[in-house]
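Listing of target.txt, compact mmCIF, C-alpha atoms and all ligand atoms
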# COMPACT_ATOMS: atom_id res chain seq x y z
CA MET O 47 121.81 -83.31 121.22
CA ARG O 48 120.85 -84.97 117.94
CA ASP O 49 119.66 -81.94 116.01
CA LEU O 50 121.74 -78.82 116.18
CA THR O 51 119.16 -76.04 116.02
CA PRO O 52 119.44 -72.42 117.17
CA GLU O 53 116.65 -73.04 119.71
CA ALA O 54 118.27 -76.12 121.25
CA LEU O 55 121.69 -74.48 121.37
CA LEU O 56 120.39 -71.24 122.87
CA ALA O 57 118.61 -73.26 125.56
CA ALA O 58 121.90 -75.08 126.24
CA VAL O 59 123.73 -71.75 126.53
CA ASN O 60 121.10 -70.24 128.81
CA ALA O 61 121.31 -73.18 131.21
CA TRP O 62 124.93 -72.10 131.89
CA VAL O 63 124.19 -68.38 132.02
CA ALA O 64 121.28 -68.81 134.46
CA ILE O 65 123.77 -69.85 137.17
CA GLU O 66 125.68 -66.77 138.32
CA SER O 67 129.33 -67.51 139.00
CA PRO O 68 131.69 -64.65 139.77
CA THR O 69 135.16 -66.04 140.53
CA GLN O 70 134.94 -65.10 144.21
CA ASP O 71 131.69 -67.07 144.68
CA ALA O 72 132.95 -70.64 144.97
CA GLU O 73 129.42 -71.91 145.57
CA GLY O 74 128.11 -70.36 142.36
CA VAL O 75 131.09 -71.63 140.36
CA ASN O 76 130.55 -75.10 141.81
CA ARG O 77 126.90 -75.03 140.79
CA VAL O 78 128.13 -74.43 137.24
CA SER O 79 130.55 -77.34 137.63
CA GLU O 80 127.68 -79.59 138.74
CA HIS O 81 125.77 -78.64 135.62
CA ALA O 82 128.86 -79.37 133.51
CA GLU O 83 129.40 -82.67 135.30
CA SER O 84 125.85 -83.87 134.59
CA LEU O 85 126.30 -83.03 130.89
CA LEU O 86 129.60 -84.91 130.78
CA ARG O 87 128.20 -87.94 132.60
CA ALA O 88 125.34 -88.08 130.09
CA ILE O 89 127.84 -88.66 127.29
CA GLY O 90 129.80 -91.31 129.18
CA ALA O 91 132.79 -89.22 130.24
CA SER O 92 134.75 -90.21 133.31
CA ILE O 93 134.87 -87.42 135.85
CA GLU O 94 137.58 -86.02 138.10
CA ARG O 95 137.11 -83.11 140.45
CA ILE O 96 139.98 -81.16 141.98
CA PRO O 97 138.63 -79.43 145.10
CA GLY O 98 139.19 -75.68 145.11
CA GLU O 99 141.15 -73.80 147.76
CA ASN O 100 140.98 -70.31 149.25
CA SER O 101 137.39 -69.54 148.18
CA ILE O 102 138.00 -70.75 144.63
CA GLY O 103 135.63 -73.33 143.13
CA ASP O 104 136.61 -76.80 141.92
CA ILE O 105 138.33 -77.75 138.70
CA LEU O 106 136.17 -80.19 136.77
CA ILE O 107 137.75 -82.67 134.37
CA GLY O 108 135.80 -84.97 132.04
CA ARG O 109 137.59 -87.55 129.91
CA VAL O 110 135.81 -88.53 126.72
CA PRO O 111 137.17 -91.58 124.87
CA GLY O 112 138.19 -91.21 121.24
CA ALA O 113 138.06 -93.60 118.29
CA ALA O 114 141.87 -93.68 118.40
CA ASN O 115 144.11 -93.90 121.45
CA GLY O 116 147.10 -91.79 122.33
CA PRO O 117 147.61 -88.20 123.46
CA GLY O 118 144.42 -86.36 122.70
CA ILE O 119 142.80 -82.94 122.75
CA LEU O 120 142.69 -80.78 125.84
CA LEU O 121 139.60 -78.58 125.68
CA LEU O 122 139.83 -75.56 127.99
CA GLY O 123 136.98 -73.41 129.24
CA HIS O 124 136.36 -71.32 132.33
CA MET O 125 133.22 -71.33 134.45
CA ASP O 126 133.75 -68.04 136.26
CA THR O 127 132.65 -64.58 135.13
CA VAL O 128 133.47 -61.04 136.25
CA HIS O 129 129.81 -60.23 136.99
CA PRO O 130 128.71 -60.06 140.64
CA VAL O 131 125.69 -62.06 141.80
CA GLY O 132 122.57 -60.03 141.06
CA THR O 133 123.72 -58.84 137.61
CA LEU O 134 121.26 -61.30 136.09
CA ALA O 135 118.33 -59.50 137.71
CA GLU O 136 119.61 -56.05 136.75
CA PRO O 137 121.28 -54.62 134.66
CA LEU O 138 121.99 -57.65 132.44
CA PRO O 139 118.97 -60.01 132.38
CA MET O 140 118.97 -62.87 129.88
CA ARG O 141 117.03 -61.78 126.82
CA VAL O 142 117.05 -62.03 123.04
CA GLU O 143 116.87 -58.90 120.90
CA GLY O 144 117.05 -59.64 117.18
CA ASP O 145 120.15 -61.80 116.67
CA ARG O 146 121.63 -60.88 120.05
CA ALA O 147 121.29 -62.99 123.18
CA TYR O 148 122.34 -61.10 126.32
CA GLY O 149 123.42 -62.32 129.73
CA PRO O 150 126.32 -62.22 132.21
CA GLY O 151 129.18 -64.33 130.88
CA ILE O 152 127.20 -65.41 127.79
CA TYR O 153 130.03 -64.35 125.46
CA ASP O 154 132.98 -64.75 127.86
CA MET O 155 132.64 -67.68 127.95
CA LYS O 156 129.60 -69.72 128.89
CA GLY O 157 128.43 -69.66 125.28
CA GLY O 158 131.72 -71.28 124.23
CA ASN O 159 131.48 -73.94 126.92
CA ALA O 160 127.88 -74.69 125.94
CA ILE O 161 128.62 -75.17 122.23
CA ALA O 162 131.69 -77.34 122.99
CA PHE O 163 129.59 -79.58 125.26
CA SER O 164 126.81 -79.62 122.66
CA ALA O 165 129.31 -80.67 119.97
CA LEU O 166 130.41 -83.62 122.12
CA ALA O 167 126.77 -84.45 122.95
CA HIS O 168 125.92 -84.36 119.25
CA LEU O 169 128.67 -86.86 118.44
CA HIS O 170 127.45 -89.08 121.26
CA ALA O 171 123.78 -88.87 120.21
CA THR O 172 124.63 -89.79 116.62
CA GLY O 173 126.69 -92.80 117.67
CA LYS O 174 130.04 -91.19 116.85
CA ARG O 175 133.18 -90.42 118.77
CA PRO O 176 135.83 -87.77 118.58
CA HIS O 177 138.81 -89.15 116.65
CA LEU O 178 141.25 -88.45 119.49
CA PRO O 179 140.33 -88.69 123.17
CA VAL O 180 139.10 -85.34 124.52
CA THR O 181 139.83 -84.07 128.02
CA VAL O 182 137.41 -81.32 128.96
CA MET O 183 138.88 -79.09 131.65
CA MET O 184 136.61 -76.51 133.27
CA ILE O 185 138.48 -73.81 135.16
CA PRO O 186 137.06 -71.89 138.17
CA ASP O 187 139.43 -68.89 138.38
CA GLU O 188 140.43 -67.72 134.90
CA GLU O 189 139.12 -64.19 135.37
CA ILE O 190 141.62 -63.54 138.16
CA GLY O 191 144.54 -65.10 136.25
CA SER O 192 144.03 -68.78 137.23
CA PRO O 193 146.28 -68.68 140.32
CA PHE O 194 144.80 -71.98 141.56
CA SER O 195 144.37 -73.75 138.22
CA ARG O 196 147.62 -72.89 136.46
CA PRO O 197 149.71 -75.83 137.73
CA TYR O 198 146.88 -78.28 136.94
CA ILE O 199 146.48 -76.90 133.42
CA GLU O 200 150.22 -77.10 132.84
CA ALA O 201 150.32 -80.65 134.20
CA GLU O 202 147.63 -81.72 131.69
CA ALA O 203 149.39 -79.97 128.81
CA GLU O 204 152.92 -81.04 129.68
CA ALA O 205 154.84 -84.23 129.11
CA LYS O 206 152.95 -85.10 125.90
CA LYS O 207 149.79 -85.90 127.87
CA HIS O 208 147.85 -83.96 125.25
CA ALA O 209 148.76 -83.33 121.63
CA ILE O 210 146.53 -80.34 120.95
CA VAL O 211 144.77 -77.68 123.03
CA LEU O 212 141.50 -76.09 121.92
CA VAL O 213 140.21 -73.08 123.85
CA VAL O 214 136.58 -72.03 123.47
CA GLU O 215 137.11 -68.45 124.59
CA PRO O 216 135.06 -65.97 122.53
CA SER O 217 135.93 -65.39 118.91
CA GLY O 218 137.26 -61.87 118.38
CA ASP O 219 136.14 -59.27 115.84
CA PHE O 220 133.05 -61.29 114.91
CA GLY O 221 134.71 -64.40 113.60
CA ARG O 222 138.46 -64.38 114.01
CA ILE O 223 140.33 -67.29 115.57
CA THR O 224 143.07 -66.60 118.09
CA ILE O 225 146.48 -67.92 117.05
CA ALA O 226 148.59 -65.98 119.57
CA ARG O 227 148.10 -64.03 122.75
CA HIS O 228 150.04 -61.24 124.36
CA GLY O 229 151.43 -61.69 127.83
CA ILE O 230 149.65 -60.22 130.84
CA ALA O 231 151.46 -59.18 134.00
CA ARG O 232 149.99 -57.93 137.25
CA TYR O 233 151.77 -55.83 139.88
CA HIS O 234 150.77 -54.76 143.35
CA LEU O 235 151.77 -51.35 144.58
CA LYS O 236 151.63 -50.29 148.20
CA THR O 237 152.39 -46.94 149.82
CA THR O 238 152.76 -46.44 153.55
CA GLY O 239 152.70 -42.90 154.92
CA ILE O 240 152.61 -41.38 158.36
CA PRO O 241 149.16 -41.09 159.92
CA ALA O 242 148.00 -37.95 161.67
CA HIS O 243 144.76 -36.25 162.66
CA ALA O 244 143.85 -34.26 159.57
CA GLY O 245 142.54 -31.32 161.58
CA ALA O 246 144.96 -30.37 164.29
CA TYR O 247 148.08 -32.25 163.13
CA HIS O 248 147.87 -32.25 159.34
CA SER O 249 151.46 -31.04 158.88
CA LYS O 250 152.82 -34.00 160.84
CA GLY O 251 151.21 -36.54 158.48
CA ARG O 252 152.54 -37.98 155.22
CA SER O 253 149.76 -39.10 152.92
CA ALA O 254 149.93 -42.57 151.39
CA ILE O 255 147.15 -41.60 148.98
CA ARG O 256 148.88 -38.46 147.75
CA GLU O 257 152.01 -40.50 146.97
CA MET O 258 149.90 -43.16 145.29
CA ALA O 259 148.17 -40.57 143.11
CA ARG O 260 151.50 -39.32 141.79
CA GLN O 261 152.71 -42.88 141.15
CA ILE O 262 149.54 -43.74 139.22
CA LEU O 263 150.18 -40.95 136.72
CA THR O 264 153.80 -42.08 136.27
CA ILE O 265 152.74 -45.70 135.77
CA GLU O 266 149.94 -45.02 133.30
CA ASP O 267 152.33 -42.81 131.32
CA MET O 268 154.49 -45.89 130.69
CA THR O 269 151.79 -47.02 128.24
CA ASP O 270 153.08 -47.23 124.67
CA TYR O 271 150.25 -47.85 122.22
CA ALA O 272 152.69 -48.07 119.30
CA ARG O 273 154.12 -51.28 120.76
CA ASN O 274 150.86 -52.42 122.37
CA VAL O 275 152.35 -52.14 125.84
CA THR O 276 149.66 -50.85 128.19
CA LEU O 277 149.56 -50.30 131.94
CA ASN O 278 146.20 -49.98 133.62
CA VAL O 279 145.77 -49.14 137.29
CA GLY O 280 142.51 -51.01 137.68
CA ILE O 281 142.03 -51.13 141.43
CA VAL O 282 142.92 -48.56 144.10
CA HIS O 283 142.21 -48.67 147.81
CA GLY O 284 143.39 -46.34 150.51
CA GLY O 285 142.65 -44.52 153.71
CA THR O 286 140.33 -45.32 156.60
CA HIS O 287 138.82 -42.00 157.77
CA GLU O 288 138.34 -38.69 156.01
CA ASN O 289 139.75 -36.86 159.03
CA MET O 290 143.01 -38.78 159.00
CA VAL O 291 146.11 -38.39 156.87
CA PRO O 292 146.09 -41.85 155.29
CA LEU O 293 148.59 -44.46 156.39
CA HIS O 294 148.01 -46.96 153.57
CA ALA O 295 147.13 -47.07 149.89
CA GLU O 296 147.22 -49.99 147.49
CA ALA O 297 146.84 -50.40 143.76
CA ILE O 298 146.79 -53.27 141.29
CA ILE O 299 148.31 -52.71 137.88
CA TYR O 300 147.37 -54.84 134.88
CA CYS O 301 149.94 -54.74 132.11
CA LEU O 302 149.64 -55.91 128.54
CA VAL O 303 153.12 -57.07 127.55
CA PRO O 304 153.10 -58.61 124.05
CA LEU O 305 156.48 -60.34 124.37
CA PRO O 306 158.74 -61.51 127.21
CA GLU O 307 161.14 -58.62 126.54
CA HIS O 308 158.28 -56.15 127.13
CA GLU O 309 157.55 -57.83 130.44
CA ALA O 310 161.22 -57.52 131.42
CA GLU O 311 161.20 -53.85 130.49
CA VAL O 312 158.00 -53.06 132.39
CA ARG O 313 159.21 -55.04 135.38
CA ALA O 314 162.49 -53.13 135.51
CA LYS O 315 160.69 -49.78 135.31
CA LEU O 316 158.12 -50.63 137.97
CA LEU O 317 160.67 -52.10 140.36
CA ALA O 318 162.77 -48.94 139.97
CA LEU O 319 159.94 -46.61 141.06
CA LYS O 320 160.96 -44.32 143.91
CA SER O 321 158.67 -42.49 146.24
CA HIS O 322 158.52 -38.70 145.76
CA ASP O 323 158.19 -38.14 149.46
CA PRO O 324 161.11 -39.77 151.31
CA ASP O 325 158.85 -40.22 154.36
CA VAL O 326 156.45 -42.43 152.43
CA LYS O 327 157.42 -46.04 151.82
CA LEU O 328 156.73 -47.54 148.42
CA GLU O 329 156.61 -51.28 147.69
CA VAL O 330 156.14 -52.87 144.28
CA THR O 331 155.44 -56.62 144.17
CA PRO O 332 155.10 -58.64 140.96
CA GLY O 333 151.85 -60.62 140.83
CA LEU O 334 150.54 -63.22 138.39
CA TYR O 335 152.14 -63.35 134.96
CA ARG O 336 150.63 -65.09 131.96
CA PRO O 337 153.39 -65.53 129.39
CA SER O 338 152.64 -64.73 125.77
CA PHE O 339 152.18 -67.42 123.18
CA VAL O 340 153.11 -66.94 119.55
CA LYS O 341 152.02 -68.65 116.36
CA SER O 342 154.08 -71.76 115.60
CA PRO O 343 153.97 -73.80 112.37
CA ALA O 344 151.79 -76.33 114.27
CA ILE O 345 149.33 -73.58 115.23
CA GLN O 346 149.30 -72.43 111.60
CA ARG O 347 148.35 -75.98 110.51
CA LEU O 348 145.56 -76.08 113.10
CA TYR O 349 144.29 -72.69 111.98
CA ASP O 350 144.37 -73.60 108.28
CA HIS O 351 142.49 -76.79 109.01
CA ALA O 352 139.82 -75.02 111.09
CA ALA O 353 139.45 -72.34 108.41
CA LYS O 354 138.91 -75.01 105.75
CA LEU O 355 136.28 -76.78 107.86
CA ALA O 356 134.49 -73.49 108.52
CA GLU O 357 134.46 -72.79 104.78
CA GLU O 358 132.88 -76.21 104.13
CA ILE O 359 130.23 -75.50 106.77
CA GLY O 360 129.43 -72.23 104.99
CA TYR O 361 130.38 -69.96 107.88
CA PRO O 362 133.94 -68.88 107.13
CA VAL O 363 136.22 -67.56 109.84
CA LYS O 364 137.30 -63.94 109.45
CA GLY O 365 141.01 -64.57 109.76
CA GLU O 366 143.64 -64.86 112.44
CA ARG O 367 143.89 -62.74 115.53
CA VAL O 368 146.58 -61.96 118.06
CA ALA O 369 144.53 -61.34 121.19
CA GLY O 370 145.35 -58.66 123.71
CA GLY O 371 143.73 -60.23 126.75
CA GLY O 372 145.12 -63.40 128.27
CA SER O 373 143.45 -66.79 128.58
CA ASP O 374 144.41 -70.20 129.91
CA GLY O 375 145.69 -70.84 126.37
CA ASN O 376 148.70 -68.68 127.29
CA PHE O 377 149.95 -71.40 129.64
CA THR O 378 149.65 -74.24 127.13
CA GLY O 379 150.85 -72.16 124.17
CA ALA O 380 153.90 -71.01 126.13
CA LEU O 381 154.70 -74.68 126.86
CA GLY O 382 154.80 -75.30 123.12
CA VAL O 383 151.65 -77.43 122.91
CA PRO O 384 149.83 -76.47 119.67
CA THR O 385 146.98 -74.26 120.94
CA LEU O 386 144.07 -72.87 118.96
CA ASP O 387 142.05 -70.30 120.90
CA GLY O 388 138.97 -68.16 120.32
CA LEU O 389 136.90 -71.11 119.06
CA GLY O 390 133.87 -70.03 121.10
CA VAL O 391 130.96 -67.82 120.14
CA LEU O 392 130.74 -64.54 118.23
CA GLY O 393 129.45 -61.46 120.01
CA ASP O 394 130.73 -58.44 121.89
CA GLY O 395 130.81 -56.57 125.18
CA PRO O 396 132.80 -58.97 127.37
CA HIS O 397 133.00 -57.83 131.02
CA THR O 398 130.33 -55.15 130.43
CA HIS O 399 126.60 -54.82 130.95
CA GLN O 400 126.10 -55.06 127.18
CA GLU O 401 127.54 -58.55 126.86
CA TYR O 402 125.90 -60.63 124.11
CA LEU O 403 126.44 -63.42 121.61
CA LEU O 404 125.08 -63.75 118.09
CA VAL O 405 122.39 -66.43 117.98
CA SER O 406 123.14 -67.01 114.28
CA CYS O 407 126.65 -68.24 115.12
CA LEU O 408 125.52 -71.05 117.40
CA VAL O 409 124.79 -73.77 114.82
CA PRO O 410 127.80 -73.18 112.53
CA ARG O 411 130.27 -72.73 115.41
CA THR O 412 129.02 -75.92 117.07
CA LYS O 413 129.41 -77.72 113.75
CA LEU O 414 132.97 -76.40 113.50
CA LEU O 415 133.79 -77.98 116.86
CA VAL O 416 132.09 -81.24 115.84
CA ARG O 417 134.23 -81.34 112.69
CA LEU O 418 137.40 -80.51 114.63
CA PHE O 419 136.72 -83.33 117.08
CA GLU O 420 136.06 -85.69 114.16
CA THR O 421 139.10 -84.80 112.11
CA LEU O 422 141.98 -83.71 114.35
CA ASP O 423 144.47 -86.55 114.50
CA ALA O 424 147.93 -87.12 115.90
CA SER O 425 149.58 -85.42 112.90
CA PHE O 426 148.36 -82.03 114.18
CA GLY O 427 150.13 -82.55 117.49
CA ALA O 428 153.69 -82.21 116.20
CA LYS O 429 155.19 -79.33 118.12
CA SER O 430 157.21 -77.67 115.36
ZN ZN O 501 137.25 -65.62 129.20
How would this structure read if it were set down as structure tokens?
Ligand SMILES: [Zn+2]
Amino acid sequence: MRDLTPEALLAAVNAWVAIESPTQDAEGVNRVSEHAESLLRAIGASIERIPGENSIGDILIGRVPGAANGPGILLLGHMDTVHPVGTLAEPLPMRVEGDRAYGPGIYDMKGGNAIAFSALAHLHATGKRPHLPVTVMMIPDEEIGSPFSRPYIEAEAEAKKHAIVLVVEPSGDFGRITIARHGIARYHLKTTGIPAHAGAYHSKGRSAIREMARQILTIEDMTDYARNVTLNVGIVHGGTHENMVPLHAEAIIYCLVPLPEHEAEVRAKLLALKSHDPDVKLEVTPGLYRPSFVKSPAIQRLYDHAAKLAEEIGYPVKGERVAGGGSDGNFTGALGVPTLDGLGVLGDGPHTHQEYLLVSCLVPRTKLLVRLFETLDASFGAKS
């Protein structure tokens, strides 16, 4: 892409958004990875594909040579969205209204992937190279916590393989860059009651759903907004027939735990839950945990540099942000690799039917990535 225009960039974004790719649809995610692969091949990247497992799509890796050798930049993006197939037809068709371009996953985070790829394509088309080598890593399962990809991401980040990590997740608050992220912990809760016919033998049954309902209130009451510790029971299943006292109920709890000590506290409280009805069994199992990452001096240097470049481009960033939600940047940040996140597009409504990006951000945010690729050198990789 020689000329960075809003039209060309929006077309590049829409090519990603037009392929629906909820995490659970490995075929859809792999169609996105094929699109990404063709873009990477066009700029001379070498390609690796790690086949997915358990209905998860593949991880796609493209290695782009730099002008200098040595540990380079790991660029992280995810190809999956939370939107089921069909969302594109209704209720979230791709369309432009004023400065807003709508579509499933356009903000989180196909827009970010598209501008990062366009930045690399622009360097290629103008006969330039990133200063450091760039490894583009496209993740298939971020929206469910990257259970498959985590070890591969950590392997790329670890052992000085890469000096710097850039994550093109959406920018928050219309222009902030993410310099830290809270931890995210998931827990699974299961209640097992005693089944009975709900007509003739109701008194002999012990309801798994009734117990679950009481537990949900207890769990959500553990939320402490003052410390940014939140517990959300986001999924509940239970029962099989309306005329049966239910045997099983299950819930998944999503916890925002800013620091490791918050995670320890929440874990202790959840594991100590007791069932109100002694005849109902209660099990709490810890699920995926994304550790928090905090701003280090190296992240501060990366941020200051990006802010200066954005100023030169004439599209200043709106400051730093500690993000609530997790990203794959949590893994690399927690390993101590300098990680700058939220370098993607501006917009709003992630995970909703009002998801959009701002068309006016596309050119300046692509230029910011071009300038980062051109200027980041080994001195930014120092861990302290
Ligand atoms: Zn995302």
Got a sec to check which residues lie within 6 Å of ligand ZN 501 (chain O), using only C-alpha atoms and all ligand atoms, and send them as a PyMOL selection string? chain O and resi 154-155+215
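Atom pair CA of Cys407 (chain O) / CA of Ser425 (chain O) has a distance of 28.7 Å (rounded to one decimal).
The smallest atom-to-atom distance between Gly382 (chain O) and any of O:Tyr349, O:Tyr271, O:Phe339, O:Tyr402, using only C-alpha atoms, is found for O:Phe339.
Around Ala88 (chain O), within 12 Å and counting all atoms listed in the file, the residues found are Met47, His81, Ala82, Gly108, Val110, Phe163, Ser164, Leu166, Ala167, His168, His170 and Ala171 of chain O, once anything fewer than 6 positions away on its own chain is removed.
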Wanna dump the region 363-397 of chain O-region 217-235 of chain O contacts at 6 Å for me, each residue with its shortest atom pair and the distance in Å to one decimal, counting only C-alpha atoms, ordered by chain and number, as a tab-separated table?
residue	atom	partner	partner_atom	distance
O:Val363	CA	O:Gly221	CA	5.1
O:Lys364	CA	O:Arg222	CA	4.7
O:Gly365	CA	O:Arg222	CA	5.0
O:Glu366	CA	O:Ile223	CA	5.2
O:Arg367	CA	O:Thr224	CA	4.7
O:Val368	CA	O:Ala226	CA	4.7
O:Ala369	CA	O:Arg227	CA	4.7
O:Gly370	CA	O:His228	CA	5.4
O:Leu386	CA	O:Ile225	CA	5.8
O:Asp387	CA	O:Thr224	CA	4.8
O:Gly388	CA	O:Ser217	CA	4.3
O:Leu389	CA	O:Ser217	CA	5.8
O:Gly390	CA	O:Ser217	CA	5.5
O:Val391	CA	O:Ser217	CA	5.7
O:Leu392	CA	O:Phe220	CA	5.2
Computed gap from CA of Thr398 (chain O) to CA of Ala160 (chain O) is 20.2 Å
